[in-house]
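Undergrad: Structure file data18.cif (mmCIF, C-alpha atoms) is given on the next line.
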data_final
#
loop_
_atom_site.label_atom_id
_atom_site.label_comp_id
_atom_site.auth_asym_id
_atom_site.auth_seq_id
_atom_site.Cartn_x
_atom_site.Cartn_y
_atom_site.Cartn_z
CA MET U 728 -2.10 -6.78 -11.61
CA LEU U 729 -4.52 -3.85 -11.43
CA HIS U 730 -7.65 -4.56 -9.45
CA SER U 731 -10.99 -2.84 -9.64
CA HIS U 732 -13.12 -2.38 -6.56
CA PRO U 733 -16.94 -2.39 -6.47
CA ASN U 734 -18.67 0.88 -7.31
CA THR U 735 -15.68 2.31 -9.17
CA SER U 736 -15.36 3.48 -12.75
CA LEU U 737 -11.88 1.97 -13.05
CA GLN U 738 -12.05 -1.12 -15.21
CA THR U 739 -9.41 -3.39 -16.61
CA ALA U 740 -9.51 -5.22 -19.89
CA ALA U 741 -6.33 -7.09 -20.64
CA ILE U 742 -4.05 -4.09 -20.19
CA GLY U 743 -6.42 -1.24 -21.05
CA LEU U 744 -8.14 1.00 -18.52
CA GLU U 745 -11.18 3.20 -18.57
CA LEU U 746 -11.25 6.16 -16.21
CA THR U 747 -11.84 9.82 -16.74
CA PRO U 748 -8.31 11.16 -16.28
CA GLN U 749 -7.63 14.02 -13.92
CA THR U 750 -5.68 16.91 -15.36
CA SER U 751 -2.85 18.83 -13.79
CA HIS U 752 -0.77 21.88 -14.63
CA ALA U 753 -0.57 22.13 -18.43
CA SER U 754 2.82 23.87 -18.51
CA SER U 755 4.85 21.57 -16.25
CA PRO U 756 5.64 17.86 -16.26
CA THR U 757 3.27 15.67 -14.27
CA ARG U 758 4.83 14.96 -10.88
CA ILE U 759 4.40 11.71 -8.97
CA LEU U 760 5.12 11.16 -5.28
CA ILE U 761 6.10 7.59 -4.35
CA ILE U 762 5.46 6.32 -0.82
CA ASP U 763 6.95 2.86 -0.26
CA ASP U 764 8.96 1.60 2.69
CA GLU U 765 10.98 -0.89 0.61
CA LEU U 766 13.95 1.05 -0.79
CA LEU U 767 14.66 -1.23 -3.76
CA ILE U 768 11.01 -1.40 -4.77
CA ALA U 769 10.68 2.38 -4.47
CA LEU U 770 13.72 2.79 -6.74
CA MET U 771 12.23 0.34 -9.26
CA ILE U 772 8.91 2.22 -9.24
CA GLU U 773 10.77 5.54 -9.58
CA GLU U 774 12.59 4.28 -12.68
CA MET U 775 9.35 2.96 -14.23
CA VAL U 776 7.59 6.27 -13.57
CA ARG U 777 10.41 8.18 -15.29
CA GLN U 778 10.45 5.76 -18.24
CA ALA U 779 6.70 6.31 -18.62
CA GLY U 780 7.38 10.03 -19.14
CA TYR U 781 6.41 11.38 -15.73
CA ARG U 782 8.54 13.23 -13.17
CA VAL U 783 9.15 11.90 -9.65
CA SER U 784 8.72 14.72 -7.13
CA GLY U 785 9.88 12.67 -4.17
CA VAL U 786 10.16 9.26 -2.54
CA ALA U 787 9.14 8.63 1.07
CA HIS U 788 10.04 5.47 3.00
CA THR U 789 8.35 6.25 6.34
CA ILE U 790 5.10 7.80 7.50
CA ALA U 791 7.03 10.85 8.78
CA MET U 792 8.73 11.29 5.39
CA ALA U 793 5.38 10.84 3.64
CA ARG U 794 3.81 13.60 5.73
CA GLN U 795 6.76 15.91 4.93
CA GLU U 796 6.49 15.23 1.20
CA ILE U 797 2.70 15.72 1.22
CA ALA U 798 3.12 19.04 3.05
CA LYS U 799 5.31 20.29 0.16
CA SER U 800 2.36 19.92 -2.26
CA ASN U 801 4.78 19.59 -5.18
CA PHE U 802 3.14 16.60 -6.86
CA ASP U 803 0.10 15.80 -8.98
CA ALA U 804 -0.57 12.21 -7.85
CA VAL U 805 0.67 9.66 -5.34
CA LEU U 806 1.58 5.98 -5.54
CA LEU U 807 1.02 4.73 -1.99
CA ASP U 808 2.08 1.37 -0.59
CA ILE U 809 -0.72 0.10 1.66
CA ASN U 810 1.77 -1.49 4.05
CA ILE U 811 4.24 0.98 5.59
CA GLY U 812 6.49 -0.45 8.28
CA GLY U 813 4.47 -3.65 8.47
CA LEU U 814 1.13 -1.93 9.11
CA TYR U 815 -1.89 -0.96 7.04
CA TYR U 816 -1.74 2.80 7.52
CA ALA U 817 -4.95 4.40 6.26
CA LYS U 818 -4.30 7.92 7.60
CA ILE U 819 -2.11 8.89 4.63
CA ALA U 820 -4.84 7.72 2.25
CA ASP U 821 -7.40 9.69 4.27
CA LEU U 822 -5.22 12.81 4.04
CA LEU U 823 -4.80 12.46 0.26
CA LYS U 824 -8.52 11.86 -0.20
CA ALA U 825 -9.40 14.92 1.93
CA LYS U 826 -7.08 17.09 -0.18
CA GLY U 827 -8.55 15.74 -3.43
CA ILE U 828 -5.19 14.34 -4.58
CA PRO U 829 -5.35 11.48 -7.07
CA PHE U 830 -3.66 8.38 -5.67
CA ALA U 831 -3.50 4.64 -6.02
CA PHE U 832 -2.50 1.88 -3.66
CA VAL U 833 0.54 -0.10 -4.82
CA THR U 834 0.98 -3.25 -2.78
CA GLY U 835 2.28 -6.78 -2.64
CA PHE U 836 -0.19 -7.71 0.08
CA ASP U 837 -3.75 -8.91 -0.30
CA TYR U 838 -5.34 -6.51 2.19
CA LEU U 839 -9.01 -5.90 2.51
CA ILE U 840 -9.34 -2.23 1.69
CA ASP U 841 -11.24 -0.15 4.21
CA PRO U 842 -14.71 0.62 2.80
CA ARG U 843 -13.92 4.34 2.61
CA HIS U 844 -11.08 3.54 0.18
CA GLN U 845 -12.87 1.04 -2.05
CA LYS U 846 -12.87 3.43 -5.01
CA VAL U 847 -9.09 3.87 -4.88
CA PRO U 848 -7.30 1.95 -7.65
CA VAL U 849 -5.01 -0.86 -6.48
CA LEU U 850 -1.93 -1.96 -8.44
CA GLN U 851 -0.83 -5.37 -7.18
CA LYS U 852 2.93 -6.04 -6.98
CA PRO U 853 4.60 -7.39 -8.98
CA PHE U 854 3.45 -5.35 -11.96
CA THR U 855 4.78 -4.52 -15.40
CA PRO U 856 5.85 -1.09 -16.65
CA ALA U 857 2.81 -1.15 -18.97
CA GLN U 858 0.45 -1.73 -16.04
CA LEU U 859 2.03 1.13 -14.07
CA HIS U 860 1.83 3.41 -17.11
CA ALA U 861 -1.86 2.58 -17.59
CA LEU U 862 -2.49 3.42 -13.93
CA LEU U 863 -0.67 6.77 -14.22
CA VAL U 864 -2.65 7.67 -17.33
CA ALA U 865 -5.84 6.84 -15.44
CA LEU U 866 -4.80 8.98 -12.47
CA VAL U 867 -3.41 12.09 -14.18
CA GLY U 868 -3.70 11.70 -17.93
CA ARG U 869 -1.07 11.11 -20.55
CA ARG U 870 1.80 13.60 -20.69
CA SER U 871 4.68 14.16 -23.03
CA ALA U 872 8.16 14.71 -21.61
CA SER U 873 7.59 18.47 -21.90
CA GLY U 874 4.49 18.22 -19.73
CA GLU U 875 1.97 18.89 -22.50
CA MET U 876 -1.19 16.80 -22.49
CA ALA U 877 -0.94 14.23 -25.24
CA LYS U 878 -3.89 13.78 -27.54
CA THR U 879 -5.65 10.48 -26.92
CA ALA U 880 -8.10 8.92 -29.32
#
Turn this file's structure into structure tokens for me.

TA:
Amino acid sequence: MLHSHPNTSLQTAAIGLELTPQTSHASSPTRILIIDDELLIALMIEEMVRQAGYRVSGVAHTIAMARQEIAKSNFDAVLLDINIGGLYYAKIADLLKAKGIPFAFVTGFDYLIDPRHQKVPVLQKPFTPAQLHALLVALVGRRSASGEMAKTA
């Protein structure tokens, strides 16, 4: 389930979303970094991201791996589990926000989001492929398999 936080332009209506999409490199496929400490869930998210027409640039299961992947800067957006290793770890979110990288929290926990992250979209696990796709479109826009921006009405 996709949640909206106060003071954010992200809104849900059944399955639709309204958000001004960010754009990325027009000539290459949109790349998504997945940060989730649960291997099977990360693999499931990776498959859903690919089926939605996006490319997975990497998967990180620990904070150290996440920092390494972020340092590569080879992605356009990040799906970040709020709970890494049993802890709410806000420093990765702070780093992404400081760099201006679009990201969303993907979690199975009902955490209170730190006030500085209240505008970050939250996708509640479990979620459907359609909900994940809607979130990706909101974060980075709709892409074809070739990486071209698709026309949206």

Undergrad: Take the PyMOL selection byres ((chain U and resi 866) around 7), run it mentally on this structure, and tell me the resulting residues as a PyMOL selection string.

TA: chain U and resi 748-749+829-830+862-865+867-868

Undergrad: From the list U:Glu774, U:Leu839, U:Thr834, U:Leu766, which residue is nearest Pro853 in chain U when using all atoms listed in the file?

TA: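 Looking at the shortest contact to Pro853 in chain U, the residue is U:Thr834.
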
Undergrad: Which residue, U:Pro848, U:Gly780, U:Pro842, U:Gly813, has the smallest gap to Arg758 in chain U when you use all atoms listed in the file?

TA: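 Once distances to Arg758 in chain U are computed over all atoms listed in the file, the minimum belongs to U:Gly780.
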
Undergrad: Using the chain letters and numbering of this document, enumerate as a list of chain:residue names the residues selected by the PyMOL selection byres ((chain U and resi 820-823) around 10).

TA: U:Arg794, U:Ile797, U:Ala804, U:Val805, U:Leu807, U:Asp808, U:Ile809, U:Tyr816, U:Ala817, U:Lys818, U:Ile819, U:Lys824, U:Ala825, U:Lys826, U:Gly827, U:Ile828, U:Pro829, U:Phe830, U:Ala831, U:Phe832, U:Arg843, U:His844, U:Val847

Undergrad: Looking at all atoms listed in the file, which of U:Ala798, U:Leu767, U:Val849, U:Ile759 is the one that sits closest to Ala779 in chain U?

TA: U:Ile759

Undergrad: Pick from U:Gln858, U:Gln851, U:Thr757, U:Gln845: nearest to Arg782 in chain U, with all atoms listed in the file counted?

TA: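 Of all the options, U:Thr757 lies closest to Arg782 in chain U.
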
Undergrad: Of the candidates U:Asp841, U:Leu770, U:Leu814, U:Ser755, which shows the shortest atom-to-atom distance to Asn801 in chain U, using all atoms listed in the file?

TA: U:Ser755

Undergrad: Could you jot down the CA of Met771 in chain U to CA of Pro756 in chain U separation for me, Å, one decimal place?

TA: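 Computed distance, CA of Met771 in chain U to CA of Pro756 in chain U, equals 20.0 Å.
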
Undergrad: Which is closest to Tyr781 in chain U among U:Ile840, U:Gly835, U:Ile811, U:Phe802, if we use all atoms listed in the file?

TA: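 Counting all atoms listed in the file, the residue closest to Tyr781 in chain U is U:Phe802.
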
Undergrad: Rounded to one decimal in Å, what is the spacing between CA of Phe836 in chain U and CA of Gln778 in chain U?

TA: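 Computing the Euclidean distance for CA of Phe836 in chain U and CA of Gln778 in chain U yields 25.1 Å.
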
Undergrad: Report the distance between CA of Ala769 in chain U and CA of Arg869 in chain U in Å, rounded to one decimal place.

TA: 21.7 Å

Undergrad: Using all atoms listed in the file, which protein or nucleic acid residues come within 8 Å of Leu859 in chain U? Drop anything in the same chain fewer than 3 positions from it, and give the result as an mmCIF file with C-alpha atoms, in the coordinates of the input.

TA:
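Produced file around04.cif, reproduced below:
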data_model
loop_
_atom_site.group_PDB
_atom_site.id
_atom_site.type_symbol
_atom_site.label_atom_id
_atom_site.label_comp_id
_atom_site.auth_asym_id
_atom_site.auth_seq_id
_atom_site.Cartn_x
_atom_site.Cartn_y
_atom_site.Cartn_z
ATOM 1 C CA MET U 775 9.350 2.960 -14.230
ATOM 2 C CA VAL U 776 7.590 6.270 -13.570
ATOM 3 C CA LEU U 850 -1.930 -1.960 -8.440
ATOM 4 C CA PHE U 854 3.450 -5.350 -11.960
ATOM 5 C CA THR U 855 4.780 -4.520 -15.400
ATOM 6 C CA PRO U 856 5.850 -1.090 -16.650
ATOM 7 C CA LEU U 862 -2.490 3.420 -13.930
ATOM 8 C CA LEU U 863 -0.670 6.770 -14.220
#
